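Next comes model_18.txt, a file with compact mmCIF, C-alpha atoms.
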# COMPACT_ATOMS: atom_id res chain seq x y z
CA MET M 8 9.70 50.80 -24.19
CA SER M 9 12.06 48.45 -26.02
CA SER M 10 15.77 47.82 -26.25
CA HIS M 11 15.61 49.82 -29.50
CA SER M 12 14.17 52.97 -27.92
CA TYR M 13 16.26 56.00 -28.80
CA ILE M 14 16.15 59.78 -28.77
CA LYS M 15 15.26 61.19 -32.19
CA ASN M 16 18.06 63.31 -33.67
CA HIS M 17 17.33 65.92 -36.35
CA LYS M 18 20.89 65.54 -37.72
CA ASN M 19 19.89 62.19 -39.24
CA ALA M 20 17.93 64.01 -41.95
CA ASP M 21 21.22 65.26 -43.42
CA ILE M 22 23.48 62.22 -43.09
CA PHE M 23 25.47 60.65 -45.89
CA ILE M 24 25.07 56.97 -46.74
CA ASN M 25 27.73 54.74 -48.27
CA ILE M 26 26.60 52.71 -51.28
CA ASN M 27 29.37 50.67 -52.91
CA GLY M 28 32.02 53.07 -51.65
CA LYS M 29 30.30 56.26 -52.83
CA LEU M 30 28.73 58.69 -50.38
CA PHE M 31 25.22 60.00 -51.02
CA PRO M 32 23.04 62.43 -49.08
CA ARG M 33 20.25 60.49 -47.36
CA ASN M 34 17.55 61.72 -49.74
CA GLU M 35 19.62 60.68 -52.79
CA ALA M 36 20.73 57.25 -51.54
CA LYS M 37 19.06 54.65 -53.73
CA ILE M 38 19.50 51.09 -54.96
CA SER M 39 17.94 49.42 -57.99
CA VAL M 40 14.55 47.73 -57.81
CA PHE M 41 16.42 44.81 -59.42
CA ASP M 42 18.74 44.47 -56.41
CA SER M 43 18.63 40.95 -54.96
CA GLY M 44 18.17 42.31 -51.45
CA PHE M 45 15.08 44.25 -52.50
CA LEU M 46 13.62 41.60 -54.82
CA LEU M 47 14.28 38.48 -52.76
CA GLY M 48 15.74 39.40 -49.40
CA ASP M 49 18.98 37.91 -50.73
CA GLY M 50 21.69 39.34 -48.55
CA VAL M 51 23.13 39.71 -45.06
CA TRP M 52 23.30 42.49 -42.50
CA GLU M 53 24.76 43.59 -39.19
CA GLY M 54 23.85 46.32 -36.72
CA ILE M 55 26.96 47.93 -35.23
CA ARG M 56 27.35 50.59 -32.53
CA LEU M 57 29.95 53.36 -32.52
CA HIS M 58 30.86 54.35 -28.96
CA LYS M 59 33.55 56.94 -28.26
CA ASN M 60 34.87 56.54 -31.83
CA ARG M 61 35.15 52.76 -31.42
CA LEU M 62 33.18 50.19 -33.40
CA VAL M 63 31.87 48.01 -30.59
CA PHE M 64 32.45 44.24 -31.07
CA ILE M 65 33.43 44.87 -34.69
CA ASP M 66 35.35 41.58 -34.99
CA ASP M 67 32.34 39.62 -33.74
CA HIS M 68 29.99 41.48 -36.10
CA LEU M 69 32.19 40.95 -39.15
CA ASN M 70 32.76 37.30 -38.29
CA ARG M 71 28.98 36.80 -38.14
CA LEU M 72 28.52 38.79 -41.37
CA PHE M 73 30.94 36.50 -43.21
CA GLU M 74 29.46 33.37 -41.61
CA SER M 75 25.96 34.50 -42.59
CA ALA M 76 27.16 35.17 -46.15
CA LYS M 77 28.80 31.75 -46.30
CA GLY M 78 25.54 30.22 -45.06
CA ILE M 79 23.68 31.58 -48.11
CA SER M 80 26.61 31.04 -50.53
CA LEU M 81 27.21 34.78 -50.92
CA LYS M 82 30.81 35.71 -51.66
CA ILE M 83 31.77 39.02 -50.08
CA PRO M 84 34.54 40.51 -52.24
CA TYR M 85 35.73 42.83 -49.46
CA SER M 86 38.16 42.05 -46.66
CA LYS M 87 37.14 42.84 -43.11
CA ASN M 88 39.61 45.74 -43.09
CA GLU M 89 38.13 47.13 -46.32
CA ILE M 90 34.65 47.05 -44.77
CA ILE M 91 35.93 48.80 -41.63
CA SER M 92 37.58 51.42 -43.85
CA GLU M 93 34.28 52.01 -45.68
CA ILE M 94 32.47 52.35 -42.36
CA TYR M 95 34.94 54.93 -41.10
CA LYS M 96 34.79 56.78 -44.43
CA VAL M 97 31.07 57.46 -43.99
CA LEU M 98 31.42 58.10 -40.25
CA ASP M 99 34.11 60.70 -40.93
CA ARG M 100 31.97 62.38 -43.61
CA ASN M 101 29.12 62.63 -41.11
CA ASN M 102 31.37 63.83 -38.25
CA MET M 103 30.20 60.91 -36.13
CA GLU M 104 32.16 59.85 -33.06
CA ASP M 105 29.68 58.55 -30.49
CA GLU M 106 26.14 57.26 -29.96
CA VAL M 107 25.80 56.02 -33.53
CA HIS M 108 24.04 52.93 -34.87
CA ILE M 109 25.29 51.55 -38.18
CA ARG M 110 23.31 49.24 -40.44
CA LEU M 111 25.68 47.33 -42.70
CA ILE M 112 23.97 45.46 -45.56
CA ILE M 113 25.44 43.34 -48.33
CA SER M 114 23.16 41.91 -51.01
CA ARG M 115 24.00 39.64 -53.93
CA GLY M 116 23.60 42.69 -56.19
CA GLU M 117 21.52 43.47 -59.23
CA LYS M 118 19.67 40.93 -61.33
CA ILE M 119 19.05 41.06 -65.04
CA THR M 120 15.48 39.90 -64.38
CA PRO M 121 13.52 39.16 -61.18
CA TYR M 122 14.33 35.42 -61.03
CA GLN M 123 15.36 33.72 -57.81
CA ASN M 124 18.24 31.82 -59.37
CA PRO M 125 21.60 33.51 -58.56
CA ASN M 126 22.58 32.95 -62.21
CA ALA M 127 20.31 35.91 -63.04
CA ASN M 128 22.65 38.20 -61.07
CA ILE M 129 24.79 40.58 -63.07
CA GLY M 130 26.85 41.62 -60.02
CA PRO M 131 28.70 42.97 -58.25
CA VAL M 132 27.35 42.74 -54.69
CA THR M 133 25.68 45.82 -53.23
CA LEU M 134 27.30 47.23 -50.07
CA VAL M 135 25.25 49.73 -48.06
CA ILE M 136 26.32 51.43 -44.83
CA ILE M 137 23.70 53.56 -43.07
CA PRO M 138 24.93 55.36 -39.95
CA GLU M 139 22.51 57.27 -37.74
CA PHE M 140 22.87 59.22 -34.54
CA LYS M 141 21.00 57.06 -32.02
CA LYS M 142 21.41 57.87 -28.39
CA THR M 143 19.70 55.31 -26.19
CA ASN M 144 16.61 56.64 -24.48
CA PRO M 145 17.63 56.98 -20.77
CA LYS M 146 14.14 55.85 -19.73
CA THR M 147 15.19 52.39 -20.91
CA TYR M 148 17.68 52.24 -18.04
CA ILE M 149 15.23 53.69 -15.53
CA ASN M 150 12.10 51.72 -16.49
CA GLY M 151 13.75 48.62 -17.90
CA ILE M 152 12.24 46.55 -20.66
CA SER M 153 9.88 43.60 -20.82
CA ILE M 154 11.22 40.44 -22.31
CA GLY M 155 8.97 37.77 -23.73
CA ARG M 156 9.79 34.14 -24.18
CA VAL M 157 8.63 32.03 -27.08
CA SER M 158 8.75 28.30 -27.44
CA THR M 159 10.63 28.31 -30.74
CA ILE M 160 12.00 25.00 -31.86
CA ARG M 161 15.30 25.35 -33.70
CA PRO M 162 15.30 23.84 -37.18
CA ALA M 163 17.38 20.87 -38.23
CA HIS M 164 21.05 21.42 -39.08
CA ASN M 165 20.34 21.31 -42.83
CA ILE M 166 17.96 24.32 -42.66
CA LEU M 167 19.20 27.93 -42.93
CA SER M 168 20.57 28.80 -39.52
CA THR M 169 18.57 31.19 -37.39
CA HIS M 170 21.92 32.55 -36.19
CA PHE M 171 22.55 34.16 -39.60
CA ASN M 172 21.47 37.76 -40.10
CA THR M 173 19.88 37.40 -43.52
CA LEU M 174 17.58 39.82 -45.28

Before anything else, please render the file you have as structure tokens.
Amino acid sequence: MSSHSYIKNHKNADIFININGKLFPRNEAKISVFDSGFLLGDGVWEGIRLHKNRLVFIDDHLNRLFESAKGISLKIPYSKNEIISEIYKVLDRNNMEDEVHIRLIISRGEKITPYQNPNANIGPVTLVIIPEFKKTNPKTYINGISIGRVSTIRPAHNILSTHFNTL
């Protein structure tokens, strides 16, 4: 049992996913193999919950998203309100109002060739919003979860922050 335990929902097989503002059925949602996120893990992400039609801690999530992007020198060309609008667009299409987990991903976009240098990017960024019905497994509340502790030493200030949600 983990904090990510949830009850499987058959409706997730038929959800729509938002890719760069366009909605695709789950089985047709695709990005290029030349996308920076796929090739190099070059992007940022957030996991957001929808509870009673409210995006929980959305300001905190978007602040961290933009801070993470800044930390890897990734310019997000969307405002926070535009991102929220895109989230609600796909939620509305899926008739989602509660018990939803949203994975928001922004990568640096497509590359002309699989080089690490950002100069190989042909842009624009890739925005992906994947919402799924995910009701928490009630056994989590009954049985609890086990938490482990590791002796991780935080890196120096000039190393990529472990507080950033990067791909």

Length of the atom CA of Asn16 of chain M to atom CA of Phe64 of chain M vector [Å]: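 Computing it gives 24.0 Å between the two atoms.
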
Choose the residue, out of M:Ile152, M:Ile109, M:Ala163, M:Met103, that has the smallest atom-to-atom separation from Trp52 of chain M; count only C-alpha atoms.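 Ranking M:Ile152, M:Ile109, M:Ala163, M:Met103 by distance to Trp52 of chain M, first place goes to M:Ile109.
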
Selection: 12 Å around Ser12 of chain M, all atoms listed in the file, excl. self and same-chain fewer than 3 positions, as a PDB file with C-alpha atoms, in the coordinates of the input:
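The result, stored in selection37.pdb:
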ATOM      1  CA  MET M   8       9.700  50.800 -24.190  1.00  0.00           C
ATOM      2  CA  SER M   9      12.060  48.450 -26.020  1.00  0.00           C
ATOM      3  CA  LYS M  15      15.260  61.190 -32.190  1.00  0.00           C
ATOM      4  CA  LYS M 141      21.000  57.060 -32.020  1.00  0.00           C
ATOM      5  CA  LYS M 142      21.410  57.870 -28.390  1.00  0.00           C
ATOM      6  CA  THR M 143      19.700  55.310 -26.190  1.00  0.00           C
ATOM      7  CA  ASN M 144      16.610  56.640 -24.480  1.00  0.00           C
ATOM      8  CA  PRO M 145      17.630  56.980 -20.770  1.00  0.00           C
ATOM      9  CA  LYS M 146      14.140  55.850 -19.730  1.00  0.00           C
ATOM     10  CA  THR M 147      15.190  52.390 -20.910  1.00  0.00           C
ATOM     11  CA  TYR M 148      17.680  52.240 -18.040  1.00  0.00           C
ATOM     12  CA  ASN M 150      12.100  51.720 -16.490  1.00  0.00           C
ATOM     13  CA  GLY M 151      13.750  48.620 -17.900  1.00  0.00           C
ATOM     14  CA  ILE M 152      12.240  46.550 -20.660  1.00  0.00           C
TER      15      ILE M 152
END

Using only the atoms of segment 10-18 of chain M listed in the file, plus 6 Å on each side, state the axis-aligned box centre and edge lengths in Å rounded to one decimal, as AutoDock Vina command-line options.
--center_x 17.5 --center_y 56.9 --center_z -32.0 --size_x 18.7 --size_y 30.1 --size_z 23.5

When distances are computed from only C-alpha atoms, which of M:Asn25, M:Ser114, M:Asn128, M:Asn34 shows the smallest separation from Ser75 of chain M?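 Nearest candidate to Ser75 of chain M out of M:Asn25, M:Ser114, M:Asn128, M:Asn34: M:Ser114.
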
For Tyr95 of chain M: contacts at 12 Å, all atoms listed in the file, fewer than 5 positions along chain excluded, given as a compact mmCIF listing (two decimals) with C-alpha atoms, in the coordinates of the input:
# COMPACT_ATOMS: atom_id res chain seq x y z
CA ILE M 24 25.07 56.97 -46.74
CA ASN M 25 27.73 54.74 -48.27
CA GLY M 28 32.02 53.07 -51.65
CA LEU M 30 28.73 58.69 -50.38
CA LEU M 57 29.95 53.36 -32.52
CA ASN M 60 34.87 56.54 -31.83
CA ARG M 61 35.15 52.76 -31.42
CA LEU M 62 33.18 50.19 -33.40
CA ASN M 88 39.61 45.74 -43.09
CA GLU M 89 38.13 47.13 -46.32
CA ILE M 90 34.65 47.05 -44.77
CA ARG M 100 31.97 62.38 -43.61
CA ASN M 101 29.12 62.63 -41.11
CA ASN M 102 31.37 63.83 -38.25
CA MET M 103 30.20 60.91 -36.13
CA GLU M 104 32.16 59.85 -33.06
CA VAL M 107 25.80 56.02 -33.53
CA ILE M 109 25.29 51.55 -38.18
CA ILE M 136 26.32 51.43 -44.83
CA ILE M 137 23.70 53.56 -43.07
CA PRO M 138 24.93 55.36 -39.95

Which residue of M:Ile129, M:Leu46, M:Ile14, M:Val51 approaches Arg71 of chain M most closely, using all atoms listed in the file: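 Under the stated criterion, the closest residue is M:Val51.
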